[in-house]
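What follows is a set of notes on a single structure, which appears directly below.
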Amino acid sequence: MDKKYFVSSSPHIYTQDSIPKIMYTVILTLVPAGIGSVYFFGLRTLWIMAIAIVSAVAAEAIVQRMMKRPVTVYDGSAILTGLLLAYNVAPSVPLWLPAVGSVFAIAVGKMVFGGLGYNPMNPALLGRAFLLASWPAHMTIFSGAVPRGGTVSGIDAITNATPLNVLKAAQDVLQHPQDFSPAQKMEASEAIGQLYDSIEDLFLGRIGGCIGETSVVLLLIGAAFLMYRRYIGWKVPFTYVGTVALLTWIFGGADGLFTGNPIFHVLSGGLILGAFYMATDMVTSPVTVGGRIYFGIGCGVITVVIRLYGGYPEGVSYSILLMNLLTPLLDRWTRPKVFGGKKKA
Amino acid sequence: MSVTSEFTKGLYKQNPVFKQALGLCPTLAVSNSVESALGMGVAVTFVLLCSNSIISLIRKIVPAKIRIPIYIVVIATFVTIVDLSMAGFLPALHKTLGIFVPLIVVNCIILGRAEAYAGKNNIGLSIIDGLGMGIGFTMALLLLGTIREFMGNGSFMGIPVMGPAFEPVLIMILPPGAFLTIGFVLGFFNWLENKRAK
Amino acid sequence: MRDIGKLGGLLLLITTIAATALAGIYNVTKPRIEAQKALELDRALTIALPAAPREAIFPVQANDDILYYVGYKTPEKKELIGYAFVSHGPGYSSLIETMVGVDSLGAILGMKVLNQVETPGLGTKVEETRHGEGEPWFTQQFLRKPAGQLAVDKDGGDIQSITGATISSRAVVKSVVAAYEKLLADRVKQD
């Protein structure tokens with residue numbers, strides 16, 4: 001018994017990357033944004049992250065014990081889910097909220113379907129959707145979290161809403177002119193003007209929002225490293241952000257087509273975090289080239305539809321969840337032709 | 001086939017919701033509070049009892065070719081009776097259940113029992129079967145209603161039981177909560193069944 | 001094809017029996033249902049115009065449609081107390097219907113939500129009565145305010161909107177304002 005010859009089916013080419021290595025690298029690239037949020041929102045965000053991670057890991061260990069499966073909490077996937085969930089809640093939430101969200105994300109979002117690799121939707125986003133539906137007041141109020149050196153909205157006069165909230169309210173005023181006084185309309189267009197001037201704040205993260213989503217520059221540093229290591233591809237994030245930019249430019253303006261401000265829309269809300277870290281999740285996004293492009297475009301379209309026409313100010317999380325569900329269909333639809341196989345009749 | 005077993009099969013072994021997965025539309029839609037769950041359960045039990053006994057009575061004169069339209073007419077009649085009496089005597093409950101009272105007509109438990117049981121058995125057994133199935137359905141609704149109202153509203157039958165510090169899990173009384181709850185309850189019963197089989 | 005007559009006849013017989021039974025039940029329950037509706041209206045009118053006894057509130061009609069109600073202190077139409085009207089506005093997931101009473105200057109005397117199917121736990125708070133309180137808190141804020149100038153706090157008014165349910169709150173406020181303006185127009189027409 002000195003040598004064994006294994007016969008196995010394809011794929012025969014392996015990389016040295018293992019699940020833990022990928023997971024811990026992704027977590028590491030998220031650290032700059034985490035440090036940024038501690039700087040902007042205070043030490044409380046660190047607690048939220050810690051609680052979310054600990055409860056995610058504990059939930060995974062307990063559920064795996066209960067299901068009599070090997071306990072795989074050291075692979076880092078639960079840590080990543082917990083961290084991403086923490087990045088998706090407001091800095092002012094009560095501390096039990098991230099814990100409940102993490103347990104739901106792991107237990108219902110992942111383990112119920114069979115664990116890592118079988119979950120149809122991104123667990124962290126599912127946890128966020130659960131929290132948003134259950135405790136909307138906690139999840140949508142940002143007034144308690146004023147970033148250091150800035151304001152919640154990026155506008156000095158408005159202190160209780162994020163840029164996208166302010167934009168939504170202002171657009172509501174401008175779209176129903178008969179219901180509002182001239183002074184309110186003036187105020188609304190002024191607010192939109194000021195929002196469009198706050199690009200620098202948006203880029204640095206000096207605005208209100210969920211813990212990990214505000215600082216675009218720190219997220220992009222991490223994402224660039226992941227792209228350099230080829231842990232995430234360019235297709236999903238670039239088509240996603242590109243679609244959002246294009247559609248908000250065409251439809252986002254108050255004065256007709258092609259008057260929107262795409263830079264504002266790209267930098268605000270959770271788009272960068274979602275596009276680079278959650279839409280690219282290996283388990284829940286398509287594997288084919290075409291599938292990834294359609295996935296990115298679909299996410300972009302849904303996000304813009306929700307932001308511009310929907311009831312919520314932000315649509316990144318729902319758009320990714322919906323496209324996650326379409327992933328098997330996209331993969332099937334864009335399956336490449338088998339080499340040497342027959343053309344379809 | 002004893003009378004007792006005909007009655008008890010609807011409670012657990014062939015529970016319409018948990019075992020046969022029938023009548024899920026009202027189960028999901030009106031189980032967000034104990035009160036509406038109970039109202040719906042009683043309404044369905046009444047219709048089931050009446051339709052089962054009438055259909056069993058006329059089973060010999062109903063030709064196979066047109067049995068479905070006849071069953072539906074019988075069921076629809078009783079549902080309309082329930083709808084009208086509820087509007088007259090229990091207006092608050094009628095308002096809460098709304099469209100789901102007339103929709104009992106298309107509840108597949110009722111036509112299912114008519115087709116599978118009352119059309120083939122005598123009236124005594126059919127009444128017992130209808131009663132068992134109706135109570136089984138009501139119990140299922142009550143279980144879901146209790147879980148959902150407790151978690152989603154912190155109350156039981158509208159009475160707060162959790163104290164003011166409790167922040168209810170709102171999703172549980174919204175439509176997704178219905179799917180989550182029934183998923184977990186069905187999973188629990190399957191797990192129980194598997195454990196028994198071993 | 002031969003038995004089509006027989007089958008049709010049987011079906012006719014069954015449906016006739018069912019129809020007869022239903023007609024009977026309908027006749028029995030109809031007065032009850034109408035009494036319930038009248039009772040509900042009575043209750044709403046008493047809340048809208050608390051100072052007017054029910055028998056001193058008269059509907060003002062145009063072509064069978066009730067435009068609004070006029071309430072007096074006595075059934076002999078002495079001492080005008082105010083007007084009551086129904087307003088409805090699209091909320092988040094349903095049409096929210098309210099009964100509103102105003103005095104002759106437009107200050108709100110009372111109001112009650114008649115119908116709504118808003119999101120449980122959020123929009124449904126338009127008719128929520130907090131534990132230990134007698135009256136629904138949201139509509140209580142409207143009392144004594146001028147019906148023509150209502151607005152929620154987010155639009156610069158002084159009606160505190162429900163947390164997480166601005167759309168429902170705004171729907172109630174806006175529908176009351178719109179219905180009050182309609183009342184003014186109708187009153188001009190009636191005079």
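Ligands are numbered from 1 in the order shown, chains are lettered A, B, ... in the order of the structure tokens, and residues start at 1 in each chain.
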
Give me the residues near Lys145 of chain C as a tab-separated table (two decimals) with all heavy atoms, in the first residue's frame, where near means some atom within 8 Å (using only C-alpha atoms) and where sequence neighbours in that chain fewer than 4 positions away do not count.
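As written to disk, part-v1.tsv reads:
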chain	number	residue	atom	x	y	z
C	107	ALA	N	-62.62	73.34	12.99
C	107	ALA	CA	-61.78	72.67	13.98
C	107	ALA	C	-62.31	71.25	14.19
C	107	ALA	O	-63.53	71.04	14.26
C	107	ALA	CB	-61.81	73.44	15.29
C	108	ILE	N	-61.41	70.30	14.31
C	108	ILE	CA	-61.84	68.90	14.39
C	108	ILE	C	-62.41	68.58	15.77
C	108	ILE	O	-61.81	68.88	16.81
C	108	ILE	CB	-60.66	67.96	14.04
C	108	ILE	CG1	-60.34	68.14	12.56
C	108	ILE	CG2	-60.98	66.52	14.34
C	108	ILE	CD1	-59.21	67.30	12.05
C	150	LEU	N	-54.05	70.78	8.18
C	150	LEU	CA	-53.30	69.70	8.82
C	150	LEU	C	-52.10	69.31	7.97
C	150	LEU	O	-52.13	69.39	6.76
C	150	LEU	CB	-54.20	68.47	8.96
C	150	LEU	CG	-55.37	68.57	9.94
C	150	LEU	CD1	-56.27	67.38	9.75
C	150	LEU	CD2	-54.85	68.62	11.36

Can you check which residues of segment 23-172 of chain B DSSP gives as alpha helix (DSSP H) on the backbone and send them as a PyMOL selection string?
chain B and resi 24-29+34-58+67-89+91-97+108-113+123-153

Given a cut-off of 6 Å, which residues of chain B touch chain A, counting only C-alpha atoms, written out as a list in words?
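Written out as asked, the residues are Val169, Leu170 and Ile171 of chain B.
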
Which residues are near segment 19-25 of chain B? Cut-off 9 Å, only C-alpha atoms, ignore same chain within fewer than 4 positions. Put them as a PyMOL selection string.
chain B and resi 12-15+29-30+100+104+106-110+112+137+186+189-190

Restricting it to C-alpha atoms, dump the selection as a CSV table (one decimal), in the first residue's frame.
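Okay, result-v8.csv is ready:
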chain,number,residue,atom,x,y,z
B,12,TYR,CA,-52.4,13.9,13.8
B,13,LYS,CA,-51.8,11.0,11.5
B,14,GLN,CA,-53.6,12.6,8.5
B,15,ASN,CA,-53.7,16.1,9.7
B,29,ALA,CA,-53.2,34.0,5.3
B,30,VAL,CA,-55.2,34.1,8.5
B,100,PHE,CA,-60.9,34.4,3.2
B,104,ILE,CA,-63.3,28.5,1.9
B,106,VAL,CA,-61.9,26.6,-2.9
B,107,ASN,CA,-60.2,25.2,0.2
B,108,CYS,CA,-59.0,21.9,-1.0
B,109,ILE,CA,-59.5,20.2,2.3
B,110,ILE,CA,-63.3,20.4,1.9
B,112,GLY,CA,-60.8,16.6,-0.9
B,137,PHE,CA,-57.2,22.0,10.7
B,186,LEU,CA,-43.5,21.0,8.9
B,189,PHE,CA,-43.1,17.0,12.3
B,190,ASN,CA,-41.0,15.4,9.6

Long-range neighbours of segment 55-71 of chain A as a PyMOL selection string, 6 Å cut-off, only C-alpha atoms, 2 positions minimum in chain:
chain A and resi 52-53+73+78+82+99+102-103

Can you write just those residues out, all heavy atoms, as a tab-separated table (two decimals), in the first residue's frame?
chain	number	residue	atom	x	y	z
A	52	ALA	N	-21.99	40.54	16.34
A	52	ALA	CA	-22.50	39.86	15.14
A	52	ALA	C	-21.64	38.65	14.81
A	52	ALA	O	-22.15	37.57	14.50
A	52	ALA	CB	-22.54	40.84	13.97
A	53	ILE	N	-20.30	38.82	14.89
A	53	ILE	CA	-19.41	37.71	14.53
A	53	ILE	C	-19.54	36.57	15.52
A	53	ILE	O	-19.70	35.40	15.15
A	53	ILE	CB	-17.95	38.22	14.44
A	53	ILE	CG1	-17.81	39.14	13.24
A	53	ILE	CG2	-16.99	37.05	14.35
A	53	ILE	CD1	-16.49	39.85	13.17
A	73	VAL	N	-16.68	25.77	11.95
A	73	VAL	CA	-16.70	27.22	12.17
A	73	VAL	C	-15.34	27.86	11.92
A	73	VAL	O	-15.24	29.07	11.85
A	73	VAL	CB	-17.16	27.56	13.61
A	73	VAL	CG1	-18.60	27.20	13.79
A	73	VAL	CG2	-16.28	26.88	14.62
A	78	ALA	N	-18.58	31.80	8.61
A	78	ALA	CA	-19.52	32.38	9.57
A	78	ALA	C	-19.03	33.74	10.04
A	78	ALA	O	-19.81	34.67	10.23
A	78	ALA	CB	-19.73	31.45	10.75
A	82	GLY	N	-21.13	37.16	9.68
A	82	GLY	CA	-21.39	38.04	10.82
A	82	GLY	C	-20.88	39.45	10.57
A	82	GLY	O	-21.58	40.43	10.83
A	99	ALA	N	-27.09	40.44	16.94
A	99	ALA	CA	-27.03	39.05	17.40
A	99	ALA	C	-28.18	38.25	16.80
A	99	ALA	O	-27.98	37.17	16.22
A	99	ALA	CB	-27.09	39.00	18.92
A	102	SER	N	-27.64	37.77	13.05
A	102	SER	CA	-26.61	36.78	12.73
A	102	SER	C	-27.15	35.37	12.89
A	102	SER	O	-26.90	34.50	12.05
A	102	SER	CB	-25.41	36.94	13.65
A	102	SER	OG	-24.58	37.96	13.18
A	103	VAL	N	-27.87	35.14	13.98
A	103	VAL	CA	-28.41	33.80	14.21
A	103	VAL	C	-29.37	33.43	13.07
A	103	VAL	O	-29.32	32.33	12.53
A	103	VAL	CB	-29.12	33.74	15.59
A	103	VAL	CG1	-29.85	32.41	15.74
A	103	VAL	CG2	-28.11	33.91	16.70

Would you compute the distance between atom CA of Phe40 of chain A and atom CA of Pro147 of chain A? Give it in Å to one decimal.
4.7 Å

Leu28 of chain B surroundings by only C-alpha atoms, 12 Å radius, close-in-sequence under 5 positions cut, as a count of residues only:
28

For Ala76 of chain B, list every protein, DNA or RNA residue within 9 Å, evaluated using only C-alpha atoms, and leave out those in the same chain fewer than 2 positions away; present the list as a list of chain:residue names.
B:Tyr71, B:Ile72, B:Val73, B:Val74, B:Phe78, B:Val79, B:Thr80, B:Ile81, B:Pro102, B:Ile104, B:Val105, B:Val106, C:Ala18

How many Å separate atom CA of Gly127 of chain A from atom CA of Thr81 of chain A?
9.2 Å

Within 9 Å of chain A: residues of chain C, using only C-alpha atoms, as a ChimeraX atom specification:
/C:92,122,155-156,163-164,174

Pairwise distance for atom CA of Val217 of chain A and atom CA of Lys21 of chain A, rounded to one decimal in Å:
24.3 Å

Among A:Ser10, A:Ser143, A:Thr303, A:Thr280, Pro237 of chain A is approached most closely, using only C-alpha atoms, by A:Thr280

Proximity check segment 131-180 of chain A to segment 260-265 of chain A, 12 Å, nearest pairs one decimal Å, only C-alpha atoms, as a Markdown table:
| residue | atom | partner | partner_atom | distance |
| --- | --- | --- | --- | --- |
| A:Gly154 | CA | A:Phe264 | CA | 11.5 |
| A:Pro163 | CA | A:Phe264 | CA | 9.2 |
| A:Leu164 | CA | A:His265 | CA | 8.4 |
| A:Leu167 | CA | A:His265 | CA | 10.1 |
| A:Lys168 | CA | A:His265 | CA | 11.8 |
| A:Gln171 | CA | A:Gly260 | CA | 11.8 |

Generate a file of the selected residues that holds N, CA, C and O atoms, formatted as a JSON list (two decimals), in the first residue's frame.
[["chain", "number", "residue", "atom", "x", "y", "z"],
["A", 154, "GLY", "N", -25.08, 64.62, 5.05],
["A", 154, "GLY", "CA", -24.19, 65.37, 4.18],
["A", 154, "GLY", "C", -24.65, 66.80, 4.03],
["A", 154, "GLY", "O", -24.00, 67.61, 3.36],
["A", 163, "PRO", "N", -28.28, 60.40, 3.02],
["A", 163, "PRO", "CA", -28.42, 61.09, 1.74],
["A", 163, "PRO", "C", -29.56, 60.53, 0.89],
["A", 163, "PRO", "O", -30.34, 61.28, 0.32],
["A", 164, "LEU", "N", -29.66, 59.19, 0.83],
["A", 164, "LEU", "CA", -30.71, 58.62, -0.02],
["A", 164, "LEU", "C", -32.09, 58.91, 0.52],
["A", 164, "LEU", "O", -33.04, 59.09, -0.24],
["A", 167, "LEU", "N", -32.83, 62.44, -0.46],
["A", 167, "LEU", "CA", -33.10, 62.50, -1.89],
["A", 167, "LEU", "C", -34.52, 62.01, -2.18],
["A", 167, "LEU", "O", -35.27, 62.62, -2.93],
["A", 168, "LYS", "N", -34.90, 60.89, -1.53],
["A", 168, "LYS", "CA", -36.22, 60.33, -1.76],
["A", 168, "LYS", "C", -37.30, 61.34, -1.38],
["A", 168, "LYS", "O", -38.25, 61.57, -2.13],
["A", 171, "GLN", "N", -37.34, 64.24, -3.82],
["A", 171, "GLN", "CA", -37.92, 63.86, -5.11],
["A", 171, "GLN", "C", -39.43, 63.71, -5.01],
["A", 171, "GLN", "O", -40.16, 64.07, -5.93]]

Chain B residues near chain C (10 Å cut-off, only C-alpha atoms) as an MDAnalysis selection string:
chainID B and resid 32 61:63 65:67 69:71 73:78 80:82 84:92 95:96 152:153 159:160 164 168:171 173:174

Using only N, CA and C atoms, please write the residues we just selected to a file, as a short mmCIF file (atom, residue, chain, number, x, y, z; two decimals), in the first residue's frame.
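The resulting file, selection-v3.cif, is reproduced below:
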data_model
loop_
_atom_site.label_atom_id
_atom_site.label_comp_id
_atom_site.auth_asym_id
_atom_site.auth_seq_id
_atom_site.Cartn_x
_atom_site.Cartn_y
_atom_site.Cartn_z
N ASN B 32 -52.19 34.90 11.47
CA ASN B 32 -51.34 35.88 12.15
C ASN B 32 -51.86 36.29 13.53
N ILE B 61 -77.39 9.00 -5.23
CA ILE B 61 -78.13 9.52 -6.38
C ILE B 61 -77.27 10.43 -7.27
N VAL B 62 -76.04 10.71 -6.83
CA VAL B 62 -75.20 11.60 -7.64
C VAL B 62 -74.42 10.78 -8.66
N PRO B 63 -74.64 11.06 -9.97
CA PRO B 63 -73.88 10.32 -10.98
C PRO B 63 -72.42 10.76 -10.98
N LYS B 65 -70.41 11.38 -13.24
CA LYS B 65 -70.01 12.39 -14.23
C LYS B 65 -70.13 13.82 -13.70
N ILE B 66 -71.14 14.10 -12.93
CA ILE B 66 -71.33 15.49 -12.50
C ILE B 66 -71.17 15.63 -10.99
N ARG B 67 -70.38 14.73 -10.39
CA ARG B 67 -70.27 14.82 -8.93
C ARG B 67 -69.52 16.08 -8.50
N PRO B 69 -69.31 19.27 -9.90
CA PRO B 69 -70.16 20.46 -9.79
C PRO B 69 -71.15 20.38 -8.64
N ILE B 70 -71.70 19.20 -8.40
CA ILE B 70 -72.67 19.08 -7.31
C ILE B 70 -71.99 19.30 -5.97
N TYR B 71 -70.80 18.70 -5.78
CA TYR B 71 -70.08 18.91 -4.53
C TYR B 71 -69.83 20.40 -4.32
N VAL B 73 -71.43 22.98 -5.53
CA VAL B 73 -72.65 23.72 -5.20
C VAL B 73 -72.98 23.55 -3.72
N VAL B 74 -72.87 22.31 -3.24
CA VAL B 74 -73.17 22.06 -1.83
C VAL B 74 -72.22 22.86 -0.93
N ILE B 75 -70.93 22.78 -1.27
CA ILE B 75 -69.93 23.47 -0.43
C ILE B 75 -70.17 24.98 -0.48
N ALA B 76 -70.37 25.52 -1.69
CA ALA B 76 -70.56 26.96 -1.83
C ALA B 76 -71.77 27.44 -1.04
N THR B 77 -72.81 26.62 -1.03
CA THR B 77 -74.01 27.00 -0.26
C THR B 77 -73.67 27.17 1.21
N PHE B 78 -72.97 26.19 1.77
CA PHE B 78 -72.66 26.29 3.20
C PHE B 78 -71.70 27.43 3.49
N THR B 80 -71.55 30.24 1.86
CA THR B 80 -72.33 31.48 1.84
C THR B 80 -73.13 31.64 3.12
N ILE B 81 -73.67 30.51 3.62
CA ILE B 81 -74.39 30.58 4.89
C ILE B 81 -73.47 31.09 5.99
N VAL B 82 -72.25 30.53 6.05
CA VAL B 82 -71.29 30.97 7.08
C VAL B 82 -70.97 32.44 6.90
N LEU B 84 -72.70 34.88 5.43
CA LEU B 84 -73.80 35.78 5.78
C LEU B 84 -74.01 35.83 7.29
N SER B 85 -73.98 34.65 7.94
CA SER B 85 -74.24 34.67 9.38
C SER B 85 -73.12 35.37 10.12
N MET B 86 -71.87 35.18 9.64
CA MET B 86 -70.76 35.84 10.31
C MET B 86 -70.89 37.36 10.17
N ALA B 87 -71.30 37.82 8.97
CA ALA B 87 -71.47 39.26 8.78
C ALA B 87 -72.56 39.80 9.69
N GLY B 88 -73.60 38.98 9.93
CA GLY B 88 -74.70 39.44 10.76
C GLY B 88 -74.42 39.37 12.24
N PHE B 89 -73.73 38.32 12.67
CA PHE B 89 -73.60 38.10 14.10
C PHE B 89 -72.21 38.38 14.66
N LEU B 90 -71.17 38.23 13.83
CA LEU B 90 -69.82 38.48 14.32
C LEU B 90 -69.12 39.45 13.37
N PRO B 91 -69.59 40.70 13.27
CA PRO B 91 -69.06 41.60 12.25
C PRO B 91 -67.56 41.87 12.40
N ALA B 92 -67.06 41.91 13.62
CA ALA B 92 -65.63 42.21 13.79
C ALA B 92 -64.78 41.09 13.20
N LYS B 95 -64.85 41.11 9.46
CA LYS B 95 -63.99 42.13 8.88
C LYS B 95 -62.53 41.66 8.86
N THR B 96 -62.10 40.98 9.93
CA THR B 96 -60.72 40.52 9.98
C THR B 96 -60.46 39.44 8.95
N GLY B 152 -44.75 37.80 16.91
CA GLY B 152 -44.89 39.00 16.10
C GLY B 152 -45.61 40.13 16.79
N ASN B 153 -46.32 39.84 17.87
CA ASN B 153 -47.08 40.89 18.53
C ASN B 153 -46.91 40.84 20.04
N ILE B 159 -54.11 39.80 24.19
CA ILE B 159 -53.68 40.26 25.51
C ILE B 159 -52.15 40.25 25.56
N PRO B 160 -51.52 41.40 25.82
CA PRO B 160 -50.06 41.43 25.86
C PRO B 160 -49.53 40.51 26.96
N PRO B 164 -43.73 45.52 28.31
CA PRO B 164 -43.45 46.61 27.36
C PRO B 164 -42.04 46.58 26.78
N PRO B 168 -41.50 43.21 19.38
CA PRO B 168 -41.98 42.07 18.62
C PRO B 168 -41.25 41.86 17.29
N VAL B 169 -41.13 40.60 16.91
CA VAL B 169 -40.51 40.24 15.63
C VAL B 169 -41.57 40.43 14.56
N LEU B 170 -41.66 41.66 14.07
CA LEU B 170 -42.77 42.03 13.20
C LEU B 170 -42.97 41.10 12.01
N ILE B 171 -41.88 40.55 11.50
CA ILE B 171 -41.97 39.74 10.28
C ILE B 171 -42.90 38.54 10.50
N ILE B 173 -45.83 38.36 11.88
CA ILE B 173 -47.24 38.55 11.54
C ILE B 173 -47.41 39.07 10.11
N LEU B 174 -46.30 39.23 9.40
CA LEU B 174 -46.37 39.59 7.98
C LEU B 174 -46.35 38.30 7.16
#
